[in-house]
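Notes for the one structure printed next.
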Amino acid sequence: MSTPSNTDPVVLVRDVYKEFRKGETVIPVLAGMDLELLPGDYLAMMGPSGSGKSTLLNLIAGLDKPTSGSVIVCGQDLGKTSQSALAKWRSRHVGFIFQMYNLIPVLTAYENVELPLTLTPLSRKQRVEQVKTALEIVGLGDRMDHYPRQLSGGQEQRVSIARAIATDPTLIVADEPTGDLDAKSGNEILELMHRLNEEFHKTIIMVTHDPSAAARAKRTLTMADGRLVSDIQNSTATGTTA
Amino acid sequence: MKLLTYIWRNVRRNKLRSGLTMLSVAFSLALMTILYGYLAMQAYSQREATKHDRIVVLNKLGFAAPLPIAHIGKIEKLDGITCATPYSWFGGNYKGQRSPFAQFSVDPQKVFDVYSEFDIPDDQLAAFKKQRQGCVADKSLAEAMKWKIGDRIPLEGTIYQQDLDLKLVGTFEAPGNTGSLWFNWNYLDEELKNSGAGNSGNAGSVQAKCTSAKAVALMSDEIDAMFANSDYATRTRSEAAFQQLFASFLGDVQSYIRYISMAVVFALTLVSATAMAMSMRERITEIAVLKAIGFSKQRVLALVLGESTMIAILGGLVGIVMGLGGLHLLSSVPMAASLFPIPVIELAGSWLWGLVAVAAAIGLVSGITPAVLAAQQSVVDGLRQVV
């Protein structure tokens, strides 16, 4: 796993507006959002449903484009990038962790982790090494041949994390990564994410409704009605449950 | 892991649905294999027929009109003719079955010279030439009817008002299954004369062997010219042209087969497209995840089209094998042997690849709409439930 060496912002969101249209109706979701994340940041985004946090996450992950303003991630202005170029960019720079894990049910843990690597020019030998390393990091080196249905929820989410880090991305985006897990498994996942941030200096953005999960991040950003309400540095952020 | 592995796993994801889709393709391709197999057999027969320098002489008025046996002597005297035999369709019933196989009265002395590519043991041929009521049958027919040498084969006349009591004295092997039984023309003719049933002296048609391929066209013209002013004018064709004429009595089979095939392919494409659309609908989130982690539109297209094509090709291959099995069965059934005379092994050719291509095309076309929808699908909409 590589570590970033410069201090340029990984994420730079400037005066971003995002509107959705439903027939004649225009629904504003983000209204002049600004955000900056440095390499190694670990940001938790909180806020009620409809506050715009998922939309902001989509914009930063390159899944959607702003109505106005700029979203620059890893030096790439995502608003000005074509869809096909964005797909390629995502495969190199972003790792995704979903609430429902979203593993491919017909592929083994190994193959799920390998999937994003098939988009890279890596040799088969290099892919094998990276997949094994990723699965070892999440503690599932002995579950490589298991299909998702043969794994517990916590293990599925760990495979999902392995898939997210397999390509060694600069940024990891996680949406409610513990939302579907019991307390013990959730704690293990949060611990793993803390480790990714501390040990491997991954920049992480996590959407959560759980204040105790947010407290594990370095920063907590709270949103309401498409605007930033607060941006707090969590000085007591730790890898273990308080 | 390669994309093909992922496609294969997706094919096996819903085994029941994939299996049923494959079966629908398989049955349709089996039907097409039989239909196109019929065409291939006809084409093969016509190609083969050109190799043996034979001509077929009929009354100018057609099959049903008589051709005097005296014509044969005149035909045989021509320089370009090696030998000739009467070849008259008997069409009798056998053990209550209505004309279950082809029966022809022939000249035992000449018929195996005219059909020189047919094999018969010498002793059996000698018995056929010697025994008035003797008959020989295609080996495949004898096996299908479970006949042994020496068995009596009673035939009830339908076209001719004369029953025959034949004895199997030999079996012959032809390049294809002729499904035919040959008996002595003299036996039939004498019985007709004795019973006063009429129609005696009728050769039916004449099959003659020419000295060379070049002689085939020349003799055809010469024979027709020779009998042009007689009461029984002739129409002579090469054996290949005769087979073509015979096939044309079934109508424009080739067009029927094409129309039926097009209808089958169209219906099948809709069935496969429905199955693929259902499959993709269940995988909206999965497709969105793939696109989120970097799968391009082209790769998603390839994934879906690959899946639909793989299902169709696998079903198509099963269907082609089933169809070839069906052709094999048909070619061994005496009643169908004249329509399906060629062993399946002889049929391997480009038309089979054509059928595989049809199966692949069904898969591709049926996958286009679901594939395009999947490729165009918004990642955000697809992930809405999770991101």
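Each chain in the structure tokens gets a letter, A, B, ..., in the order shown, and its residues are numbered from 1; ligands are numbered from 1 in order too.
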
Where does chain A meet chain B within 9 Å, residue by residue, with the nearest atom pair and distance in Å to one decimal for each, counting only C-alpha atoms, listed by chain and rising number, as a Markdown table?
```
| residue | atom | partner | partner_atom | distance |
| --- | --- | --- | --- | --- |
| A:Ser54 | CA | B:Val387 | CA | 6.2 |
| A:Thr55 | CA | B:Val387 | CA | 8.5 |
| A:Leu57 | CA | B:Val387 | CA | 8.1 |
| A:Asn58 | CA | B:Val380 | CA | 7.3 |
| A:Ala61 | CA | B:Ala292 | CA | 8.6 |
| A:Gly62 | CA | B:Ala292 | CA | 8.5 |
| A:Leu63 | CA | B:Val380 | CA | 6.4 |
| A:Asp64 | CA | B:Val380 | CA | 7.0 |
| A:Gln83 | CA | B:Ser296 | CA | 8.7 |
| A:Ser84 | CA | B:Ser296 | CA | 6.2 |
| A:Ala85 | CA | B:Ser296 | CA | 8.8 |
| A:Leu86 | CA | B:Gly294 | CA | 7.9 |
| A:Ala87 | CA | B:Gly294 | CA | 4.4 |
| A:Lys88 | CA | B:Gly294 | CA | 5.5 |
| A:Trp89 | CA | B:Gly294 | CA | 7.4 |
| A:Arg90 | CA | B:Gly294 | CA | 5.5 |
| A:Ser91 | CA | B:Gly294 | CA | 4.4 |
| A:Arg92 | CA | B:Gly294 | CA | 8.1 |
| A:Val94 | CA | B:Ile293 | CA | 7.6 |
| A:Gly95 | CA | B:Ile293 | CA | 7.1 |
| A:Phe96 | CA | B:Ile293 | CA | 7.1 |
| A:Phe98 | CA | B:Val386 | CA | 6.2 |
| A:Gln99 | CA | B:Val386 | CA | 5.9 |
| A:Met100 | CA | B:Val386 | CA | 6.5 |
| A:Tyr101 | CA | B:Val386 | CA | 8.8 |
| A:Asn102 | CA | B:Glu286 | CA | 6.9 |
| A:Leu103 | CA | B:Glu286 | CA | 8.0 |
| A:Ile104 | CA | B:Glu286 | CA | 6.9 |
| A:Pro105 | CA | B:Arg13 | CA | 8.7 |
| A:Val106 | CA | B:Arg9 | CA | 5.9 |
| A:Leu107 | CA | B:Tyr6 | CA | 7.5 |
| A:Glu111 | CA | B:Met1 | CA | 6.6 |
| A:Glu114 | CA | B:Met1 | CA | 7.3 |
| A:Leu115 | CA | B:Met1 | CA | 7.7 |
| A:Pro116 | CA | B:Ile293 | CA | 6.2 |
| A:Thr118 | CA | B:Lys2 | CA | 7.5 |
| A:Leu119 | CA | B:Gly294 | CA | 7.3 |
| A:Arg124 | CA | B:Met1 | CA | 8.6 |
| A:Ala164 | CA | B:Ile293 | CA | 8.4 |
| A:Ala174 | CA | B:Val387 | CA | 8.4 |
| A:Asp175 | CA | B:Val387 | CA | 5.8 |
| A:Glu176 | CA | B:Val387 | CA | 8.3 |
| A:Val207 | CA | B:Val387 | CA | 8.9 |
```

Could you go through range 16-237 of chain A and tell me which residues DSSP, when run on the backbone, assigns to strand (DSSP E), listing them as a PyMOL selection string? chain A and resi 16-22+25-37+42-46+68-73+76-77+94-97+171-175+203-207+219-224+227-233

Quick check for you: according to DSSP on this backbone, which residues of range 103-323 of chain B are classed as alpha helix (DSSP H)? Reply as an MDAnalysis selection string. chainID B and resid 111:114 122:130 139:145 185:195 213:226 239:248 253:281 284:292 297:323

With only C-alpha atoms as the counted atoms, please give the residues lying no more than 9 Å from range 268-279 of chain B, apart from itself and same-chain residues fewer than 5 positions off, as a CSV table (one decimal) with all heavy atoms, in the first residue's frame.
```csv
chain,number,residue,atom,x,y,z
B,14,ASN,N,-29.0,-18.2,-12.3
B,14,ASN,CA,-30.3,-18.7,-12.2
B,14,ASN,C,-30.5,-19.9,-13.1
B,14,ASN,O,-30.8,-19.7,-14.3
B,14,ASN,CB,-31.3,-17.6,-12.5
B,14,ASN,CG,-32.7,-18.0,-12.2
B,14,ASN,OD1,-33.1,-19.2,-12.3
B,14,ASN,ND2,-33.6,-17.0,-11.9
B,17,ARG,N,-33.9,-20.5,-15.0
B,17,ARG,CA,-34.2,-19.6,-16.1
B,17,ARG,C,-33.2,-19.8,-17.3
B,17,ARG,O,-33.7,-19.9,-18.4
B,17,ARG,CB,-34.1,-18.1,-15.6
B,17,ARG,CG,-34.5,-17.2,-16.7
B,17,ARG,CD,-34.8,-15.8,-16.2
B,17,ARG,NE,-33.8,-15.3,-15.3
B,17,ARG,CZ,-34.1,-14.5,-14.3
B,17,ARG,NH1,-35.3,-14.1,-14.1
B,17,ARG,NH2,-33.1,-14.0,-13.5
B,18,SER,N,-31.9,-19.9,-17.0
B,18,SER,CA,-31.0,-20.1,-18.1
B,18,SER,C,-31.3,-21.4,-18.8
B,18,SER,O,-31.2,-21.5,-20.0
B,18,SER,CB,-29.5,-20.1,-17.5
B,18,SER,OG,-29.2,-18.9,-17.0
B,21,THR,N,-34.3,-21.1,-21.0
B,21,THR,CA,-34.0,-20.3,-22.2
B,21,THR,C,-33.2,-21.2,-23.1
B,21,THR,O,-33.5,-21.2,-24.3
B,21,THR,CB,-33.2,-19.1,-21.8
B,21,THR,OG1,-33.9,-18.4,-20.7
B,21,THR,CG2,-33.1,-18.1,-23.0
B,22,MET,N,-32.2,-21.9,-22.6
B,22,MET,CA,-31.4,-22.8,-23.4
B,22,MET,C,-32.3,-23.8,-24.1
B,22,MET,O,-32.1,-24.1,-25.3
B,22,MET,CB,-30.3,-23.5,-22.6
B,22,MET,CG,-29.1,-22.7,-22.3
B,22,MET,SD,-27.9,-23.6,-21.4
B,22,MET,CE,-27.0,-22.4,-20.6
B,24,SER,N,-35.4,-23.7,-24.9
B,24,SER,CA,-36.3,-23.1,-26.0
B,24,SER,C,-35.4,-22.8,-27.2
B,24,SER,O,-35.9,-23.1,-28.3
B,24,SER,CB,-37.0,-21.8,-25.5
B,24,SER,OG,-36.0,-20.8,-25.2
B,25,VAL,N,-34.2,-22.4,-27.0
B,25,VAL,CA,-33.3,-22.2,-28.2
B,25,VAL,C,-33.0,-23.6,-28.8
B,25,VAL,O,-33.0,-23.8,-30.0
B,25,VAL,CB,-32.0,-21.5,-27.8
B,25,VAL,CG1,-31.0,-21.4,-28.9
B,25,VAL,CG2,-32.3,-20.1,-27.2
B,28,SER,N,-35.9,-25.1,-30.8
B,28,SER,CA,-36.0,-24.4,-32.1
B,28,SER,C,-34.9,-24.7,-33.1
B,28,SER,O,-35.1,-24.9,-34.3
B,28,SER,CB,-36.1,-22.9,-31.8
B,28,SER,OG,-37.1,-22.6,-30.9
B,263,ALA,N,-39.6,-17.1,-38.6
B,263,ALA,CA,-40.7,-17.0,-37.6
B,263,ALA,C,-40.2,-17.5,-36.3
B,263,ALA,O,-40.3,-16.9,-35.2
B,263,ALA,CB,-42.0,-17.7,-38.0
B,304,VAL,N,-23.2,-8.3,-20.6
B,304,VAL,CA,-24.6,-8.7,-20.9
B,304,VAL,C,-24.7,-9.4,-22.2
B,304,VAL,O,-25.4,-10.5,-22.3
B,304,VAL,CB,-25.6,-7.5,-20.8
B,304,VAL,CG1,-27.0,-7.9,-21.0
B,304,VAL,CG2,-25.4,-6.7,-19.5
B,307,GLU,N,-23.3,-12.8,-22.0
B,307,GLU,CA,-24.2,-13.8,-21.2
B,307,GLU,C,-25.3,-14.3,-22.1
B,307,GLU,O,-25.5,-15.5,-22.2
B,307,GLU,CB,-24.7,-13.1,-20.0
B,307,GLU,CG,-25.6,-14.0,-19.1
B,307,GLU,CD,-26.1,-13.2,-17.9
B,307,GLU,OE1,-25.4,-12.2,-17.5
B,307,GLU,OE2,-27.1,-13.7,-17.3
B,308,SER,N,-26.0,-13.4,-22.8
B,308,SER,CA,-27.1,-13.8,-23.7
B,308,SER,C,-26.6,-14.6,-24.8
B,308,SER,O,-27.2,-15.6,-25.2
B,308,SER,CB,-27.9,-12.6,-24.2
B,308,SER,OG,-27.0,-11.7,-25.0
B,311,ILE,N,-25.7,-18.2,-23.5
B,311,ILE,CA,-26.9,-19.0,-23.3
B,311,ILE,C,-27.4,-19.5,-24.6
B,311,ILE,O,-27.7,-20.7,-24.8
B,311,ILE,CB,-27.9,-18.2,-22.6
B,311,ILE,CG1,-27.5,-18.0,-21.1
B,311,ILE,CG2,-29.3,-18.9,-22.6
B,311,ILE,CD1,-28.4,-17.0,-20.3
B,312,ALA,N,-27.5,-18.6,-25.6
B,312,ALA,CA,-28.1,-19.0,-26.9
B,312,ALA,C,-27.2,-20.0,-27.6
B,312,ALA,O,-27.7,-21.0,-28.2
B,312,ALA,CB,-28.3,-17.8,-27.8
B,361,ALA,N,-26.6,-15.2,-33.1
B,361,ALA,CA,-27.3,-14.0,-33.5
B,361,ALA,C,-28.6,-13.8,-32.6
B,361,ALA,O,-28.9,-12.7,-32.2
B,361,ALA,CB,-27.7,-14.1,-35.0
B,362,ILE,N,-29.2,-14.9,-32.3
B,362,ILE,CA,-30.4,-14.8,-31.4
B,362,ILE,C,-29.9,-14.3,-30.0
B,362,ILE,O,-30.5,-13.4,-29.5
B,362,ILE,CB,-31.0,-16.3,-31.2
B,362,ILE,CG1,-31.7,-16.7,-32.5
B,362,ILE,CG2,-32.0,-16.2,-30.0
B,362,ILE,CD1,-32.2,-18.1,-32.4
B,363,GLY,N,-28.8,-14.8,-29.6
B,363,GLY,CA,-28.3,-14.3,-28.3
B,363,GLY,C,-27.9,-12.9,-28.3
B,363,GLY,O,-28.2,-12.1,-27.4
B,365,VAL,N,-28.9,-10.5,-30.5
B,365,VAL,CA,-30.0,-9.5,-30.7
B,365,VAL,C,-30.9,-9.5,-29.4
B,365,VAL,O,-31.3,-8.4,-29.0
B,365,VAL,CB,-30.9,-10.0,-31.9
B,365,VAL,CG1,-32.1,-9.2,-32.1
B,365,VAL,CG2,-30.0,-9.9,-33.2
B,366,SER,N,-31.1,-10.7,-28.8
B,366,SER,CA,-31.9,-10.6,-27.6
B,366,SER,C,-31.3,-9.9,-26.5
B,366,SER,O,-31.9,-9.4,-25.6
B,366,SER,CB,-32.3,-12.1,-27.2
B,366,SER,OG,-31.1,-12.7,-26.8
B,367,GLY,N,-29.9,-9.8,-26.5
B,367,GLY,CA,-29.2,-9.1,-25.4
B,367,GLY,C,-29.1,-7.7,-25.6
B,367,GLY,O,-28.7,-6.9,-24.7
B,368,ILE,N,-29.3,-7.2,-26.8
B,368,ILE,CA,-29.0,-5.8,-27.2
B,368,ILE,C,-29.8,-4.8,-26.3
B,368,ILE,O,-29.2,-3.9,-25.6
B,368,ILE,CB,-29.3,-5.5,-28.6
B,368,ILE,CG1,-28.1,-6.0,-29.5
B,368,ILE,CG2,-29.4,-4.0,-28.9
B,368,ILE,CD1,-28.3,-5.9,-31.0
B,369,THR,N,-31.1,-5.0,-26.2
B,369,THR,CA,-31.9,-4.0,-25.4
B,369,THR,C,-31.5,-4.0,-23.9
B,369,THR,O,-31.2,-3.0,-23.4
B,369,THR,CB,-33.4,-4.3,-25.6
B,369,THR,OG1,-33.7,-4.2,-27.0
B,369,THR,CG2,-34.2,-3.2,-24.9
B,370,PRO,N,-31.5,-5.2,-23.3
B,370,PRO,CA,-31.0,-5.2,-21.9
B,370,PRO,C,-29.6,-4.7,-21.7
B,370,PRO,O,-29.3,-4.0,-20.7
B,370,PRO,CB,-31.1,-6.7,-21.5
B,370,PRO,CG,-32.0,-7.4,-22.5
B,370,PRO,CD,-31.9,-6.6,-23.7
B,371,ALA,N,-28.7,-5.0,-22.7
B,371,ALA,CA,-27.3,-4.6,-22.5
B,371,ALA,C,-27.2,-3.1,-22.6
B,371,ALA,O,-26.5,-2.4,-21.8
B,371,ALA,CB,-26.5,-5.2,-23.6
```

Compile the contact shell of range 214-226 of chain A as a ChimeraX atom specification: residues with an atom at most 9 Å away, counting only C-alpha atoms, same-chain residues fewer than 4 positions apart removed. /A:17-18,28-33,41-53,56,190-191,194,204-210,230-241

Write out the residues from the selection above, keeping N, CA and C atoms, as a tab-separated table (two decimals), in the first residue's frame.
```
chain	number	residue	atom	x	y	z
A	17	TYR	N	-23.29	23.66	-6.14
A	17	TYR	CA	-24.75	23.57	-6.10
A	17	TYR	C	-25.16	22.32	-6.86
A	18	LYS	N	-26.16	21.66	-6.34
A	18	LYS	CA	-26.69	20.49	-7.05
A	18	LYS	C	-28.21	20.52	-6.97
A	28	PRO	N	-33.55	21.70	-5.04
A	28	PRO	CA	-32.15	21.98	-4.67
A	28	PRO	C	-31.70	21.02	-3.57
A	29	VAL	N	-30.53	20.44	-3.77
A	29	VAL	CA	-30.04	19.47	-2.77
A	29	VAL	C	-28.79	20.00	-2.08
A	30	LEU	N	-27.90	20.58	-2.86
A	30	LEU	CA	-26.72	21.21	-2.26
A	30	LEU	C	-26.74	22.69	-2.63
A	31	ALA	N	-26.48	23.52	-1.65
A	31	ALA	CA	-26.56	24.97	-1.89
A	31	ALA	C	-25.29	25.66	-1.45
A	32	GLY	N	-24.32	25.71	-2.33
A	32	GLY	CA	-23.08	26.43	-2.05
A	32	GLY	C	-22.17	25.71	-1.08
A	33	MET	N	-21.89	24.48	-1.38
A	33	MET	CA	-21.09	23.64	-0.47
A	33	MET	C	-19.60	23.85	-0.72
A	41	ASP	N	-6.88	12.50	5.72
A	41	ASP	CA	-8.06	12.92	6.47
A	41	ASP	C	-9.03	11.74	6.61
A	42	TYR	N	-9.80	11.79	7.68
A	42	TYR	CA	-10.84	10.78	7.90
A	42	TYR	C	-12.08	11.55	8.31
A	43	LEU	N	-12.99	11.71	7.36
A	43	LEU	CA	-14.13	12.59	7.56
A	43	LEU	C	-15.41	11.78	7.73
A	44	ALA	N	-16.16	12.10	8.77
A	44	ALA	CA	-17.49	11.50	8.93
A	44	ALA	C	-18.51	12.56	8.55
A	45	MET	N	-19.47	12.18	7.72
A	45	MET	CA	-20.52	13.13	7.34
A	45	MET	C	-21.81	12.69	8.00
A	46	MET	N	-22.42	13.61	8.71
A	46	MET	CA	-23.68	13.32	9.39
A	46	MET	C	-24.74	14.30	8.95
A	47	GLY	N	-25.96	13.96	9.27
A	47	GLY	CA	-27.06	14.86	8.94
A	47	GLY	C	-28.31	14.06	8.71
A	48	PRO	N	-29.46	14.70	8.82
A	48	PRO	CA	-30.72	13.98	8.61
A	48	PRO	C	-30.87	13.56	7.15
A	49	SER	N	-31.80	12.66	6.91
A	49	SER	CA	-32.07	12.24	5.54
A	49	SER	C	-32.48	13.44	4.71
A	50	GLY	N	-31.96	13.54	3.50
A	50	GLY	CA	-32.29	14.65	2.62
A	50	GLY	C	-31.42	15.86	2.85
A	51	SER	N	-30.43	15.73	3.72
A	51	SER	CA	-29.56	16.88	4.00
A	51	SER	C	-28.52	17.10	2.90
A	52	GLY	N	-28.33	16.08	2.04
A	52	GLY	CA	-27.41	16.25	0.91
A	52	GLY	C	-26.09	15.52	1.07
A	53	LYS	N	-25.94	14.77	2.15
A	53	LYS	CA	-24.64	14.13	2.38
A	53	LYS	C	-24.34	13.03	1.34
A	56	LEU	N	-23.43	14.72	-1.90
A	56	LEU	CA	-22.06	15.23	-1.84
A	56	LEU	C	-21.06	14.08	-2.01
A	190	LEU	N	-15.22	-0.51	11.94
A	190	LEU	CA	-14.71	0.84	12.24
A	190	LEU	C	-13.24	0.79	12.63
A	191	GLU	N	-12.88	-0.24	13.34
A	191	GLU	CA	-11.49	-0.42	13.74
A	191	GLU	C	-10.60	-0.59	12.49
A	194	HIS	N	-10.23	2.65	10.73
A	194	HIS	CA	-9.28	3.49	11.48
A	194	HIS	C	-7.85	3.08	11.13
A	204	ILE	N	-10.35	9.01	3.94
A	204	ILE	CA	-11.64	8.31	4.02
A	204	ILE	C	-12.76	9.31	4.24
A	205	ILE	N	-13.84	9.12	3.49
A	205	ILE	CA	-15.07	9.88	3.76
A	205	ILE	C	-16.15	8.86	4.07
A	206	MET	N	-16.76	9.04	5.24
A	206	MET	CA	-17.76	8.07	5.66
A	206	MET	C	-19.07	8.78	5.98
A	207	VAL	N	-20.16	8.31	5.37
A	207	VAL	CA	-21.48	8.83	5.72
A	207	VAL	C	-22.03	7.93	6.82
A	208	THR	N	-22.52	8.52	7.89
A	208	THR	CA	-23.07	7.70	8.97
A	208	THR	C	-24.18	8.46	9.72
A	209	HIS	N	-25.07	7.69	10.31
A	209	HIS	CA	-26.08	8.29	11.19
A	209	HIS	C	-25.71	8.05	12.65
A	210	ASP	N	-24.64	7.29	12.85
A	210	ASP	CA	-24.28	6.85	14.19
A	210	ASP	C	-23.21	7.79	14.78
A	230	SER	N	-21.83	22.21	10.61
A	230	SER	CA	-20.66	22.26	11.47
A	230	SER	C	-19.55	21.38	10.91
A	231	ASP	N	-18.33	21.71	11.26
A	231	ASP	CA	-17.17	20.92	10.80
A	231	ASP	C	-16.22	20.86	12.00
A	232	ILE	N	-16.26	19.71	12.68
A	232	ILE	CA	-15.56	19.62	13.97
A	232	ILE	C	-14.39	18.64	13.87
A	233	GLN	N	-13.27	19.03	14.43
A	233	GLN	CA	-12.12	18.13	14.53
A	233	GLN	C	-12.31	17.25	15.77
A	234	ASN	N	-12.29	15.90	15.56
A	234	ASN	CA	-12.44	14.98	16.70
A	234	ASN	C	-11.07	14.66	17.25
A	235	SER	N	-10.67	15.39	18.24
A	235	SER	CA	-9.32	15.22	18.75
A	235	SER	C	-9.15	13.87	19.45
A	236	THR	N	-10.25	13.27	19.87
A	236	THR	CA	-10.14	12.01	20.63
A	236	THR	C	-10.35	10.78	19.75
A	237	ALA	N	-10.29	10.98	18.43
A	237	ALA	CA	-10.53	9.86	17.52
A	237	ALA	C	-9.62	8.68	17.85
A	238	THR	N	-10.20	7.50	17.92
A	238	THR	CA	-9.43	6.31	18.29
A	238	THR	C	-9.94	5.09	17.54
A	239	GLY	N	-9.14	4.09	17.53
A	239	GLY	CA	-9.53	2.89	16.81
A	239	GLY	C	-10.38	1.96	17.61
A	240	THR	N	-10.53	2.20	18.90
A	240	THR	CA	-11.32	1.27	19.71
A	240	THR	C	-12.56	1.95	20.26
A	241	THR	N	-13.52	1.12	20.66
A	241	THR	CA	-14.78	1.65	21.18
A	241	THR	C	-14.53	2.36	22.49
```

Which polymer residues have any atom within 7 Å of an atom of range 330-346 of chain B, counting only C-alpha atoms, with same-chain residues fewer than 2 positions away left out, as a ChimeraX atom specification? /B:38,41,100-101,140-141,176-179,324,326-328,348

Keeping only N, CA and C atoms, write the selected residues to a file as a CSV table (one decimal), in the first residue's frame.
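The new file result02.csv reads:
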```
chain,number,residue,atom,x,y,z
B,38,TYR,N,-32.7,-31.4,-44.2
B,38,TYR,CA,-33.4,-31.9,-45.4
B,38,TYR,C,-32.9,-31.2,-46.6
B,41,MET,N,-29.5,-32.5,-47.4
B,41,MET,CA,-29.6,-33.9,-48.0
B,41,MET,C,-30.0,-33.8,-49.5
B,100,PRO,N,-45.6,-48.6,-47.0
B,100,PRO,CA,-44.7,-48.1,-45.9
B,100,PRO,C,-43.2,-48.0,-46.4
B,101,PHE,N,-42.9,-48.4,-47.6
B,101,PHE,CA,-41.6,-48.2,-48.1
B,101,PHE,C,-41.6,-48.2,-49.7
B,140,SER,N,-30.6,-51.1,-45.1
B,140,SER,CA,-31.2,-50.3,-44.0
B,140,SER,C,-32.6,-50.7,-43.8
B,141,LEU,N,-33.3,-50.8,-45.0
B,141,LEU,CA,-34.7,-51.1,-45.0
B,141,LEU,C,-34.9,-52.5,-44.4
B,176,GLY,N,-26.4,-43.9,-49.8
B,176,GLY,CA,-27.3,-43.4,-48.8
B,176,GLY,C,-28.4,-44.4,-48.6
B,177,ASN,N,-29.3,-44.1,-47.7
B,177,ASN,CA,-30.4,-45.0,-47.5
B,177,ASN,C,-31.5,-44.8,-48.5
B,178,THR,N,-31.7,-45.7,-49.4
B,178,THR,CA,-32.7,-45.5,-50.5
B,178,THR,C,-34.1,-45.9,-49.9
B,179,GLY,N,-34.0,-46.8,-48.9
B,179,GLY,CA,-35.3,-47.3,-48.3
B,179,GLY,C,-36.1,-48.0,-49.4
B,324,LEU,N,-29.6,-33.3,-35.3
B,324,LEU,CA,-28.8,-34.3,-36.0
B,324,LEU,C,-29.3,-35.7,-35.6
B,326,GLY,N,-32.3,-36.3,-34.6
B,326,GLY,CA,-33.6,-36.5,-35.3
B,326,GLY,C,-33.4,-36.9,-36.8
B,327,LEU,N,-32.5,-36.2,-37.4
B,327,LEU,CA,-32.2,-36.6,-38.9
B,327,LEU,C,-31.8,-38.0,-39.0
B,328,HIS,N,-30.9,-38.5,-38.0
B,328,HIS,CA,-30.5,-39.8,-38.1
B,328,HIS,C,-31.7,-40.8,-37.9
B,348,ALA,N,-22.0,-33.1,-42.5
B,348,ALA,CA,-21.2,-32.1,-41.8
B,348,ALA,C,-20.8,-31.0,-42.9
```

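Note that the spacing between CA of Glu191 in chain B and CA of Gly157 in chain B amounts to 11.5 Å.
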